[in-house]
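Student: First, the structure itself, so that you have it in front of you.
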Amino acid sequence: MLNCIAPFGAKLIVVSKFRSFEEIEMVRLWGQKLFGENRVQSLIAKKEEHSKELSWHLIGSLQKNKVKSIIPGIDLIHSIDSFSLLQEINKQAEKKNHVQSCLLQIKIAQENTKHGFSSVDVHSFLSSSEFESLKNIQVEGVMGMATNTDDKVQIRLEFKQLRKIYEELKLHYFADKIYFKEISAGMSDDYLIALDEGSTFVRIGSLIFN
């Protein structure tokens, strides 16, 4: 798998939800440093019990009342799906004199269970004075999840859409920001398509541990 990812210059996030200390340590000993968790409580617990050299990413939904428990201490939040959530992150980060790295979750899937900004909403949000006032967050790119389907054509079209939105945002709002460079897309079933469409982070669990 690493040989597949390397030519694209992408980074592998090992999804460690439901995995034991021993399983995570096994992967760490292979040289893996980036791990992703879906739930705040699990992330905090695993961060405390594992080596300080590991980088922890929150890839699941984040409730506003959980924000203060992970700031500072989490390297990247992938799942920012509302302006109010970003405001809360900025508020808690400001209290700690910290700048929190984030990705904006874009809704590209044809499923009601998937969340995120629409293309229209994300442009409206980023062009607002309210966004300009958030000094303790750093938006480093976008994240998206494709529809859960066997239709590879549809999956590819959705990842193309994510890449297009990323490029539009880069051009209009982050042209001079070298840190805006990430596209988090692709999981165990579709990561090869995501890589082909420009993903810089792939989030993989079952293929690693099974």
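Starting from 1 in every chain, residues are counted up; chains themselves are A, B, ... following the order of the structure tokens, and ligands are numbered from 1 as listed.
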Residues within 8 Å of segment 129-135 of chain A, please, as a list in words. Count only C-alpha atoms; anything in the same chain fewer than 6 positions from it doesn't count.
Tutor: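 Listed by chain and then number, they are Gln87, Asn90 and Val99 of chain A.
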Student: Determine which residues of segment 60-100 of chain A receive a DSSP assignment of helix (DSSP H, G or I), computed from the backbone, and state them as a list in words.
Tutor: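 Across segment 60-100 of chain A, those assigned helix (DSSP H, G or I) are Lys64, Asn65, Lys66, Val67, Lys68, Ser69, Phe83, Ser84, Leu85, Leu86, Gln87, Glu88, Ile89, Asn90, Lys91, Gln92, Ala93, Glu94 and Lys95 of chain A.
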Student: Quick one: everything within 7 Å of Gly141 of chain A, counting only C-alpha atoms, minus sequence neighbours fewer than 5 positions away in the same chain. Send it as JSON, numbers by chain.
Tutor: {"A": [103, 104, 166, 180, 181, 182, 183]}
Student: Determine the nearest neighbour of Ser188 of chain A from the options A:Ser55, A:Gln161, A:Asn148, A:Thr200, counting only C-alpha atoms.
Tutor: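 Nearest to Ser188 of chain A: A:Asn148.
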Student: Write down as a PyMOL selection string the residues of segment 70-192 of chain A whose backbone DSSP state falls under strand (DSSP E).
Tutor: chain A and resi 76-80+100-105+137-143+182-184
Student: Go ahead and write the selection's residues with N, CA and C atoms as an mmCIF file, in the first residue's frame.
Tutor:
data_model
loop_
_atom_site.group_PDB
_atom_site.id
_atom_site.type_symbol
_atom_site.label_atom_id
_atom_site.label_comp_id
_atom_site.auth_asym_id
_atom_site.auth_seq_id
_atom_site.Cartn_x
_atom_site.Cartn_y
_atom_site.Cartn_z
ATOM 1 N N LEU A 76 -4.474 17.936 13.484
ATOM 2 C CA LEU A 76 -5.306 18.421 12.385
ATOM 3 C C LEU A 76 -6.728 17.903 12.563
ATOM 4 N N ILE A 77 -7.696 18.810 12.454
ATOM 5 C CA ILE A 77 -9.115 18.447 12.466
ATOM 6 C C ILE A 77 -9.600 18.436 11.022
ATOM 7 N N HIS A 78 -10.025 17.271 10.543
ATOM 8 C CA HIS A 78 -10.413 17.124 9.138
ATOM 9 C C HIS A 78 -11.871 17.489 8.886
ATOM 10 N N SER A 79 -12.694 17.543 9.911
ATOM 11 C CA SER A 79 -14.147 17.474 9.730
ATOM 12 C C SER A 79 -14.890 18.745 10.125
ATOM 13 N N ILE A 80 -14.412 19.902 9.700
ATOM 14 C CA ILE A 80 -15.112 21.150 9.982
ATOM 15 C C ILE A 80 -16.257 21.294 8.993
ATOM 16 N N GLN A 100 -5.080 26.549 15.602
ATOM 17 C CA GLN A 100 -5.481 25.183 15.295
ATOM 18 C C GLN A 100 -5.608 24.956 13.795
ATOM 19 N N SER A 101 -4.936 23.924 13.313
ATOM 20 C CA SER A 101 -5.021 23.553 11.904
ATOM 21 C C SER A 101 -6.297 22.765 11.638
ATOM 22 N N CYS A 102 -6.969 23.080 10.531
ATOM 23 C CA CYS A 102 -8.255 22.480 10.202
ATOM 24 C C CYS A 102 -8.383 22.254 8.705
ATOM 25 N N LEU A 103 -9.305 21.373 8.346
ATOM 26 C CA LEU A 103 -9.756 21.220 6.970
ATOM 27 C C LEU A 103 -11.258 21.459 6.930
ATOM 28 N N LEU A 104 -11.739 21.988 5.831
ATOM 29 C CA LEU A 104 -13.173 22.198 5.646
ATOM 30 C C LEU A 104 -13.771 20.972 4.970
ATOM 31 N N GLN A 105 -14.779 20.385 5.608
ATOM 32 C CA GLN A 105 -15.426 19.213 5.033
ATOM 33 C C GLN A 105 -16.454 19.659 3.993
ATOM 34 N N ILE A 137 -7.387 30.024 13.901
ATOM 35 C CA ILE A 137 -7.532 28.812 13.095
ATOM 36 C C ILE A 137 -6.722 28.984 11.816
ATOM 37 N N GLN A 138 -6.272 27.864 11.291
ATOM 38 C CA GLN A 138 -5.555 27.872 10.021
ATOM 39 C C GLN A 138 -6.181 26.808 9.119
ATOM 40 N N VAL A 139 -6.881 27.261 8.102
ATOM 41 C CA VAL A 139 -7.529 26.337 7.172
ATOM 42 C C VAL A 139 -6.499 25.872 6.153
ATOM 43 N N GLU A 140 -6.220 24.568 6.148
ATOM 44 C CA GLU A 140 -5.132 24.040 5.336
ATOM 45 C C GLU A 140 -5.604 23.253 4.116
ATOM 46 N N GLY A 141 -6.928 23.187 3.905
ATOM 47 C CA GLY A 141 -7.422 22.468 2.742
ATOM 48 C C GLY A 141 -8.831 21.976 2.959
ATOM 49 N N VAL A 142 -9.166 20.901 2.248
ATOM 50 C CA VAL A 142 -10.534 20.379 2.270
ATOM 51 C C VAL A 142 -10.531 18.882 2.532
ATOM 52 N N MET A 143 -11.687 18.397 2.978
ATOM 53 C CA MET A 143 -11.892 16.960 3.170
ATOM 54 C C MET A 143 -13.224 16.578 2.556
ATOM 55 N N GLU A 182 -3.882 20.841 1.198
ATOM 56 C CA GLU A 182 -4.289 19.476 1.523
ATOM 57 C C GLU A 182 -5.681 19.131 0.987
ATOM 58 N N ILE A 183 -5.790 17.920 0.472
ATOM 59 C CA ILE A 183 -7.070 17.320 0.108
ATOM 60 C C ILE A 183 -7.124 15.968 0.808
ATOM 61 N N SER A 184 -8.004 15.847 1.780
ATOM 62 C CA SER A 184 -8.157 14.603 2.533
ATOM 63 C C SER A 184 -9.320 13.824 1.928
#
Student: For Lys17 of chain A, which residue out of A:Leu126, A:Ile71, A:Ile178, A:Ile204 is the nearest one, using only C-alpha atoms?
Tutor: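 Of the candidates, the smallest distance to Lys17 of chain A is held by A:Ile204.
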Student: Just the residues within 7 Å of segment 115-122 of chain A, please, counting only C-alpha atoms, with nothing from its chain fewer than 5 positions along; format it as a PyMOL selection string.
Tutor: chain A and resi 81-82+105-107+165
Student: Write out, as a PDB file, in the first residue's frame, the residues just selected, with N, CA and C atoms.
Tutor:
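So the final result, stored in out_18.pdb, reads:
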ATOM      1  N   ASP A  81     -17.493  21.158   9.494  1.00  0.00           N
ATOM      2  CA  ASP A  81     -18.643  21.136   8.595  1.00  0.00           C
ATOM      3  C   ASP A  81     -19.623  22.279   8.826  1.00  0.00           C
ATOM      4  N   SER A  82     -19.241  23.263   9.649  1.00  0.00           N
ATOM      5  CA  SER A  82     -20.127  24.414   9.861  1.00  0.00           C
ATOM      6  C   SER A  82     -19.314  25.612  10.347  1.00  0.00           C
ATOM      7  N   GLN A 105     -14.779  20.385   5.608  1.00  0.00           N
ATOM      8  CA  GLN A 105     -15.426  19.213   5.033  1.00  0.00           C
ATOM      9  C   GLN A 105     -16.454  19.659   3.993  1.00  0.00           C
ATOM     10  N   ILE A 106     -16.294  19.136   2.784  1.00  0.00           N
ATOM     11  CA  ILE A 106     -17.177  19.476   1.674  1.00  0.00           C
ATOM     12  C   ILE A 106     -18.096  18.282   1.396  1.00  0.00           C
ATOM     13  N   LYS A 107     -19.371  18.552   1.236  1.00  0.00           N
ATOM     14  CA  LYS A 107     -20.317  17.463   0.946  1.00  0.00           C
ATOM     15  C   LYS A 107     -20.294  17.168  -0.554  1.00  0.00           C
ATOM     16  N   ILE A 165     -13.322  22.115  -6.245  1.00  0.00           N
ATOM     17  CA  ILE A 165     -13.634  23.067  -5.181  1.00  0.00           C
ATOM     18  C   ILE A 165     -12.367  23.521  -4.477  1.00  0.00           C
TER      19      ILE A 165
END
